[in-house]
>>> print(open('final04.txt').read())   # compact mmCIF, C-alpha atoms
# COMPACT_ATOMS: atom_id res chain seq x y z
CA MET A 1 3.21 22.56 8.99
CA THR A 2 5.27 21.59 5.95
CA LEU A 3 4.46 18.23 4.38
CA THR A 4 6.93 17.01 1.77
CA SER A 5 7.64 13.77 -0.03
CA ARG A 6 10.55 12.17 -1.84
CA LEU A 7 11.63 8.80 -3.16
CA ALA A 8 12.84 6.42 -0.45
CA THR A 9 16.37 5.05 -0.48
CA ARG A 10 17.93 2.06 1.24
CA ALA A 11 19.33 4.52 3.80
CA ASP A 12 15.70 5.12 4.94
CA LEU A 13 15.07 1.44 5.78
CA PRO A 14 16.17 1.55 9.45
CA ALA A 15 13.71 4.40 10.11
CA LEU A 16 10.89 2.93 8.00
CA ARG A 17 10.65 -0.39 9.82
CA PRO A 18 9.65 1.08 13.23
CA LEU A 19 7.26 3.51 11.51
CA ILE A 20 5.56 0.58 9.76
CA ASP A 21 5.37 -1.43 13.00
CA ALA A 22 3.82 1.56 14.79
CA ALA A 23 1.28 2.05 11.99
CA ILE A 24 0.26 -1.62 11.99
CA ALA A 25 -0.08 -1.69 15.78
CA GLY A 26 -1.65 1.73 16.25
CA LEU A 27 -3.93 2.52 13.35
CA GLN A 28 -5.77 -0.79 13.23
CA ARG A 29 -7.13 -0.45 16.78
CA GLY A 30 -10.88 -0.14 16.57
CA PHE A 31 -10.92 -2.12 13.33
CA LEU A 32 -9.22 -5.35 14.40
CA ASP A 33 -8.87 -7.18 17.69
CA PRO A 34 -5.42 -7.62 19.30
CA ALA A 35 -4.93 -11.12 17.84
CA GLN A 36 -5.72 -9.86 14.32
CA ILE A 37 -3.35 -6.93 14.77
CA ALA A 38 -0.58 -9.32 15.84
CA SER A 39 -1.36 -11.54 12.86
CA SER A 40 -1.17 -8.51 10.55
CA HIS A 41 2.58 -8.26 11.04
CA ALA A 42 2.99 -11.55 9.11
CA ILE A 43 1.11 -10.30 6.04
CA MET A 44 2.13 -6.64 6.01
CA GLY A 45 5.41 -4.81 5.85
CA LEU A 46 7.90 -3.27 3.50
CA ASP A 47 8.87 -4.96 0.26
CA THR A 48 12.33 -3.51 -0.39
CA GLN A 49 11.89 -4.31 -4.10
CA LEU A 50 9.77 -1.13 -4.20
CA VAL A 51 12.69 0.93 -2.87
CA ASP A 52 15.07 -0.70 -5.34
CA ASP A 53 12.61 -0.06 -8.19
CA GLY A 54 12.37 3.63 -7.30
CA THR A 55 8.63 3.42 -6.68
CA TYR A 56 8.51 3.95 -2.91
CA PHE A 57 8.01 7.33 -1.28
CA VAL A 58 8.50 8.76 2.18
CA ALA A 59 6.58 11.72 3.55
CA GLU A 60 8.05 14.10 6.06
CA LEU A 61 6.15 16.58 8.19
CA ASP A 62 8.30 19.45 9.42
CA GLY A 63 11.35 17.27 8.80
CA HIS A 64 10.04 14.23 10.70
CA LEU A 65 9.34 10.93 8.95
CA ALA A 66 5.53 10.74 8.91
CA GLY A 67 4.65 8.01 6.41
CA CYS A 68 5.60 5.90 3.46
CA GLY A 69 4.03 4.07 0.57
CA GLY A 70 4.54 3.12 -3.00
CA TRP A 71 3.33 1.59 -6.17
CA SER A 72 4.58 -1.29 -8.25
CA ARG A 73 4.84 -2.40 -11.82
CA ARG A 74 5.21 -5.98 -10.53
CA ALA A 75 2.59 -8.65 -9.86
CA THR A 76 2.81 -8.82 -6.05
CA LEU A 77 -0.25 -7.13 -4.57
CA TYR A 78 0.76 -6.96 -0.92
CA GLY A 79 3.16 -8.20 1.72
CA GLY A 80 6.67 -7.47 2.89
CA ASP A 81 10.06 -9.04 2.31
CA HIS A 82 9.13 -11.77 4.80
CA SER A 83 5.79 -12.65 3.13
CA ILE A 84 5.33 -15.81 1.11
CA GLY A 85 3.97 -15.75 -2.43
CA ARG A 86 5.65 -12.60 -3.71
CA ASP A 87 5.76 -12.45 -7.50
CA PRO A 88 8.26 -10.08 -9.19
CA ALA A 89 6.80 -10.65 -12.67
CA PRO A 90 6.45 -7.38 -14.59
CA LEU A 91 2.99 -6.01 -15.32
CA ASP A 92 1.75 -4.86 -18.72
CA PRO A 93 0.20 -1.36 -18.42
CA ALA A 94 -2.11 -2.13 -21.36
CA ARG A 95 -3.59 -5.12 -19.56
CA ASP A 96 -2.72 -5.09 -15.85
CA PRO A 97 -3.42 -2.69 -13.00
CA ALA A 98 -0.42 -1.15 -11.24
CA LYS A 99 -0.29 -2.04 -7.56
CA ILE A 100 -0.46 0.46 -4.69
CA ARG A 101 1.74 -1.05 -2.00
CA ALA A 102 2.85 -0.75 1.61
CA MET A 103 1.08 2.47 2.59
CA TYR A 104 1.77 3.44 6.21
CA THR A 105 1.35 6.58 8.27
CA HIS A 106 2.87 6.91 11.73
CA PRO A 107 -0.03 7.21 14.22
CA ALA A 108 1.33 10.55 15.48
CA TYR A 109 0.75 12.00 11.99
CA ALA A 110 -2.58 10.38 11.08
CA ARG A 111 -5.20 12.52 9.35
CA ARG A 112 -2.80 15.24 8.29
CA GLY A 113 -2.70 14.49 4.57
CA VAL A 114 0.25 12.08 4.66
CA GLY A 115 -1.59 9.17 3.02
CA ARG A 116 -3.24 11.40 0.43
CA LEU A 117 0.11 12.93 -0.54
CA ILE A 118 1.80 9.57 -0.99
CA LEU A 119 -1.19 8.11 -2.83
CA SER A 120 -1.25 11.06 -5.25
CA ARG A 121 2.49 10.65 -5.94
CA CYS A 122 1.95 6.92 -6.61
CA GLU A 123 -0.99 7.53 -8.92
CA ALA A 124 0.88 10.15 -10.92
CA ALA A 125 3.97 7.96 -11.27
CA ALA A 126 1.94 4.92 -12.38
CA ALA A 127 0.00 7.03 -14.88
CA ALA A 128 3.26 8.40 -16.27
CA GLU A 129 4.28 4.82 -17.08
CA GLY A 130 1.03 4.17 -18.95
CA PHE A 131 -1.06 2.44 -16.29
CA THR A 132 -4.75 3.35 -16.36
CA VAL A 133 -5.98 1.13 -13.52
CA LEU A 134 -4.63 0.83 -9.99
CA GLU A 135 -5.25 -1.98 -7.54
CA LEU A 136 -4.49 -2.39 -3.85
CA MET A 137 -5.15 -4.67 -0.94
CA GLY A 138 -6.51 -2.45 1.78
CA THR A 139 -6.86 -2.90 5.49
CA LEU A 140 -10.11 -1.96 7.16
CA SER A 141 -8.38 1.07 8.67
CA GLY A 142 -7.07 2.16 5.26
CA ARG A 143 -10.33 1.66 3.41
CA PRO A 144 -11.80 5.12 4.21
CA LEU A 145 -8.75 6.89 2.73
CA TYR A 146 -8.87 4.79 -0.42
CA GLU A 147 -12.61 5.23 -0.88
CA ALA A 148 -12.24 9.00 -0.46
CA ALA A 149 -9.58 8.85 -3.21
CA GLY A 150 -11.94 7.06 -5.61
CA TYR A 151 -11.06 3.40 -5.04
CA ARG A 152 -13.89 0.87 -5.01
CA VAL A 153 -14.03 -2.51 -3.31
CA VAL A 154 -13.95 -5.42 -5.77
CA GLU A 155 -13.39 -8.25 -3.28
CA HIS A 156 -13.56 -8.97 0.46
CA LEU A 157 -11.20 -11.64 1.76
CA THR A 158 -9.15 -12.73 4.74
CA ASP A 159 -5.50 -13.71 5.09
CA ALA A 160 -4.62 -16.12 7.91
CA ALA A 161 -0.89 -16.43 7.16
CA GLY A 162 -0.17 -14.89 10.58
CA GLY A 163 -2.25 -17.50 12.39
CA VAL A 164 -5.46 -15.48 12.80
CA PRO A 165 -7.64 -14.40 9.85
CA VAL A 166 -7.25 -10.71 9.02
CA PRO A 167 -10.00 -9.11 6.90
CA LEU A 168 -8.80 -7.28 3.79
CA VAL A 169 -10.39 -5.54 0.82
CA ARG A 170 -9.11 -5.63 -2.73
CA MET A 171 -9.82 -2.24 -4.27
CA ARG A 172 -9.42 -0.69 -7.70
CA LYS A 173 -9.44 2.71 -9.31
CA ASN A 174 -9.65 3.62 -12.96
CA LEU A 175 -7.34 6.59 -13.54
CA ALA A 176 -9.04 7.51 -16.80
CA GLY A 177 -12.45 7.84 -15.11
CA GLY A 178 -15.43 5.60 -15.67
CA VAL A 179 -16.19 2.20 -14.25
CA VAL A 180 -13.64 0.09 -12.44
CA PRO A 181 -13.08 -3.05 -14.51
CA PRO A 182 -13.86 -6.40 -12.89
CA ARG A 183 -11.05 -8.46 -11.42
CA HIS A 184 -9.47 -10.53 -14.18
CA ASP A 185 -6.27 -11.69 -12.55
CA ALA A 186 -6.08 -14.42 -9.96
CA GLY A 187 -3.33 -16.22 -8.17
CA HIS A 188 -1.74 -13.30 -6.34
CA ASP A 189 -1.10 -13.56 -2.62
>>> encode(input="final04.txt", output="structure tokens")
Amino acid sequence: MTLTSRLATRADLPALRPLIDAAIAGLQRGFLDPAQIASSHAIMGLDTQLVDDGTYFVAELDGHLAGCGGWSRRATLYGGDHSIGRDPAPLDPARDPAKIRAMYTHPAYARRGVGRLILSRCEAAAAAEGFTVLELMGTLSGRPLYEAAGYRVVEHLTDAAGGVPVPLVRMRKNLAGGVVPPRHDAGHD
């Protein structure tokens, strides 16, 4: 088993979209009911700004696309190209947390280190640009991975943009060690 990662390109988009759909539909079973899973498609997905910014990774297992995910130096916390409320404003590493975004593993490759690999690439890249705190909006199915990687819940909320409320958790991690700072920024989707 050879697990590799690389930066995503626009040429990857046609293969990423079905992977993301499969991850949303498959990995949330047992955490959300069918109506919540259907509603999730309205609030989740790929933000191609991440690909254009060079902050989105793909993971391949034995040459097969297994997962994707990225980080952002922009204000948007979550959502895809189709989501309302996206904010491309740049973040200040001295003041703002970088955002972990659009993390998906194809269900056929779950629990094989795909998410951990992508998350570690994102953390290293954000740290290299001077960010010391990371923030993400996690699904209930993603929460165990993020907690195992040192993220802590700072807020529980729901998003009903898809018609049915979907529970989410805002999580943070301090890259420099120590206590996760309290949430100080509001107004993000």
>>> residues_around(input="final04.txt", residues="A:Thr105", least_positions_apart="4", cutoff="9 Å", atoms="all atoms listed in the file", output="ChimeraX atom specification")
/A:19-20,22-23,27,59,66-69,109-111,114-115
>>> residues_around(input="final04.txt", residues="stretch 49-56 of chain A", least_positions_apart="2", cutoff="10 Å", atoms="all atoms listed in the file", output="NGL selection string")
:A and (6-10 or 12-13 or 46-47 or 58 or 68-74 or 80-81 or 88 or 100-103 or 118 or 121-122 or 125-126)
>>> write_last_selection(input="final04.txt", atoms="C-alpha atoms", output="PDB file, keeping the file's coordinate frame")
ATOM      1  CA  ARG A   6      10.550  12.170  -1.840  1.00  0.00           C
ATOM      2  CA  LEU A   7      11.630   8.800  -3.160  1.00  0.00           C
ATOM      3  CA  ALA A   8      12.840   6.420  -0.450  1.00  0.00           C
ATOM      4  CA  THR A   9      16.370   5.050  -0.480  1.00  0.00           C
ATOM      5  CA  ARG A  10      17.930   2.060   1.240  1.00  0.00           C
ATOM      6  CA  ASP A  12      15.700   5.120   4.940  1.00  0.00           C
ATOM      7  CA  LEU A  13      15.070   1.440   5.780  1.00  0.00           C
ATOM      8  CA  LEU A  46       7.900  -3.270   3.500  1.00  0.00           C
ATOM      9  CA  ASP A  47       8.870  -4.960   0.260  1.00  0.00           C
ATOM     10  CA  VAL A  58       8.500   8.760   2.180  1.00  0.00           C
ATOM     11  CA  CYS A  68       5.600   5.900   3.460  1.00  0.00           C
ATOM     12  CA  GLY A  69       4.030   4.070   0.570  1.00  0.00           C
ATOM     13  CA  GLY A  70       4.540   3.120  -3.000  1.00  0.00           C
ATOM     14  CA  TRP A  71       3.330   1.590  -6.170  1.00  0.00           C
ATOM     15  CA  SER A  72       4.580  -1.290  -8.250  1.00  0.00           C
ATOM     16  CA  ARG A  73       4.840  -2.400 -11.820  1.00  0.00           C
ATOM     17  CA  ARG A  74       5.210  -5.980 -10.530  1.00  0.00           C
ATOM     18  CA  GLY A  80       6.670  -7.470   2.890  1.00  0.00           C
ATOM     19  CA  ASP A  81      10.060  -9.040   2.310  1.00  0.00           C
ATOM     20  CA  PRO A  88       8.260 -10.080  -9.190  1.00  0.00           C
ATOM     21  CA  ILE A 100      -0.460   0.460  -4.690  1.00  0.00           C
ATOM     22  CA  ARG A 101       1.740  -1.050  -2.000  1.00  0.00           C
ATOM     23  CA  ALA A 102       2.850  -0.750   1.610  1.00  0.00           C
ATOM     24  CA  MET A 103       1.080   2.470   2.590  1.00  0.00           C
ATOM     25  CA  ILE A 118       1.800   9.570  -0.990  1.00  0.00           C
ATOM     26  CA  ARG A 121       2.490  10.650  -5.940  1.00  0.00           C
ATOM     27  CA  CYS A 122       1.950   6.920  -6.610  1.00  0.00           C
ATOM     28  CA  ALA A 125       3.970   7.960 -11.270  1.00  0.00           C
ATOM     29  CA  ALA A 126       1.940   4.920 -12.380  1.00  0.00           C
TER      30      ALA A 126
END
>>> closest_residue(input="final04.txt", among="A:Ser5, A:Thr139, A:Thr132, A:Asn174", to="A:Met44", atoms="only C-alpha atoms")
A:Thr139
>>> atom_distance(input="final04.txt", atom1="atom CA of A:Leu175", atom2="atom CA of A:Leu157")
24.1 Å
>>> residues_around(input="final04.txt", residues="A:Ala149", least_positions_apart="4", cutoff="10 Å", atoms="only C-alpha atoms", output="list in words")
Arg116, Leu119, Ser120, Arg143, Pro144, Leu145 and Lys173 of chain A
>>> closest_residue(input="final04.txt", among="A:Pro167, A:His156, A:Arg86, A:Ala176", to="A:Ala124", atoms="all atoms listed in the file")
A:Ala176
>>> atom_distance(input="final04.txt", atom1="atom CA of A:Leu134", atom2="atom CA of A:Arg172")
5.5 Å
>>> closest_residue(input="final04.txt", among="A:Gly45, A:Gly113, A:Gly63, A:Gly163", to="A:Arg17", atoms="all atoms listed in the file")
A:Gly45
>>> closest_residue(input="final04.txt", among="A:Leu16, A:Ala128, A:Ile84, A:Ala25", to="A:Asp159", atoms="all atoms listed in the file")
A:Ile84
>>> residues_near_point(input="final04.txt", point="(-7.9, 0.7, 1.4)", cutoff="9 Å", atoms="only C-alpha atoms", output="list of chain:residue names")
A:Leu136, A:Met137, A:Gly138, A:Thr139, A:Leu140, A:Ser141, A:Gly142, A:Arg143, A:Pro144, A:Leu145, A:Tyr146, A:Glu147, A:Tyr151, A:Arg152, A:Val153, A:Leu168, A:Val169, A:Arg170, A:Met171
>>> write_last_selection(input="final04.txt", atoms="C-alpha atoms", output="mmCIF file, in the coordinates of the input")
data_model
loop_
_atom_site.group_PDB
_atom_site.id
_atom_site.type_symbol
_atom_site.label_atom_id
_atom_site.label_comp_id
_atom_site.auth_asym_id
_atom_site.auth_seq_id
_atom_site.Cartn_x
_atom_site.Cartn_y
_atom_site.Cartn_z
ATOM 1 C CA LEU A 136 -4.490 -2.390 -3.850
ATOM 2 C CA MET A 137 -5.150 -4.670 -0.940
ATOM 3 C CA GLY A 138 -6.510 -2.450 1.780
ATOM 4 C CA THR A 139 -6.860 -2.900 5.490
ATOM 5 C CA LEU A 140 -10.110 -1.960 7.160
ATOM 6 C CA SER A 141 -8.380 1.070 8.670
ATOM 7 C CA GLY A 142 -7.070 2.160 5.260
ATOM 8 C CA ARG A 143 -10.330 1.660 3.410
ATOM 9 C CA PRO A 144 -11.800 5.120 4.210
ATOM 10 C CA LEU A 145 -8.750 6.890 2.730
ATOM 11 C CA TYR A 146 -8.870 4.790 -0.420
ATOM 12 C CA GLU A 147 -12.610 5.230 -0.880
ATOM 13 C CA TYR A 151 -11.060 3.400 -5.040
ATOM 14 C CA ARG A 152 -13.890 0.870 -5.010
ATOM 15 C CA VAL A 153 -14.030 -2.510 -3.310
ATOM 16 C CA LEU A 168 -8.800 -7.280 3.790
ATOM 17 C CA VAL A 169 -10.390 -5.540 0.820
ATOM 18 C CA ARG A 170 -9.110 -5.630 -2.730
ATOM 19 C CA MET A 171 -9.820 -2.240 -4.270
#
>>> closest_residue(input="final04.txt", among="A:Ala148, A:Ala161, A:Ala127, A:Leu65", to="A:Thr2", atoms="only C-alpha atoms")
A:Leu65
>>> atom_distance(input="final04.txt", atom1="atom CA of A:Pro165", atom2="atom CA of A:Tyr104")
20.5 Å
>>> axis_aligned_box(input="final04.txt", around="stretch 57-60 of chain A", padding_each_side="3 Å", output="AutoDock Vina command-line options")
--center_x 7.5 --center_y 10.7 --center_z 2.4 --size_x 7.9 --size_y 12.8 --size_z 13.3
>>> closest_residue(input="final04.txt", among="A:Leu117, A:Ala75, A:Ala108, A:Ile37", to="A:Ile24", atoms="all atoms listed in the file")
A:Ile37
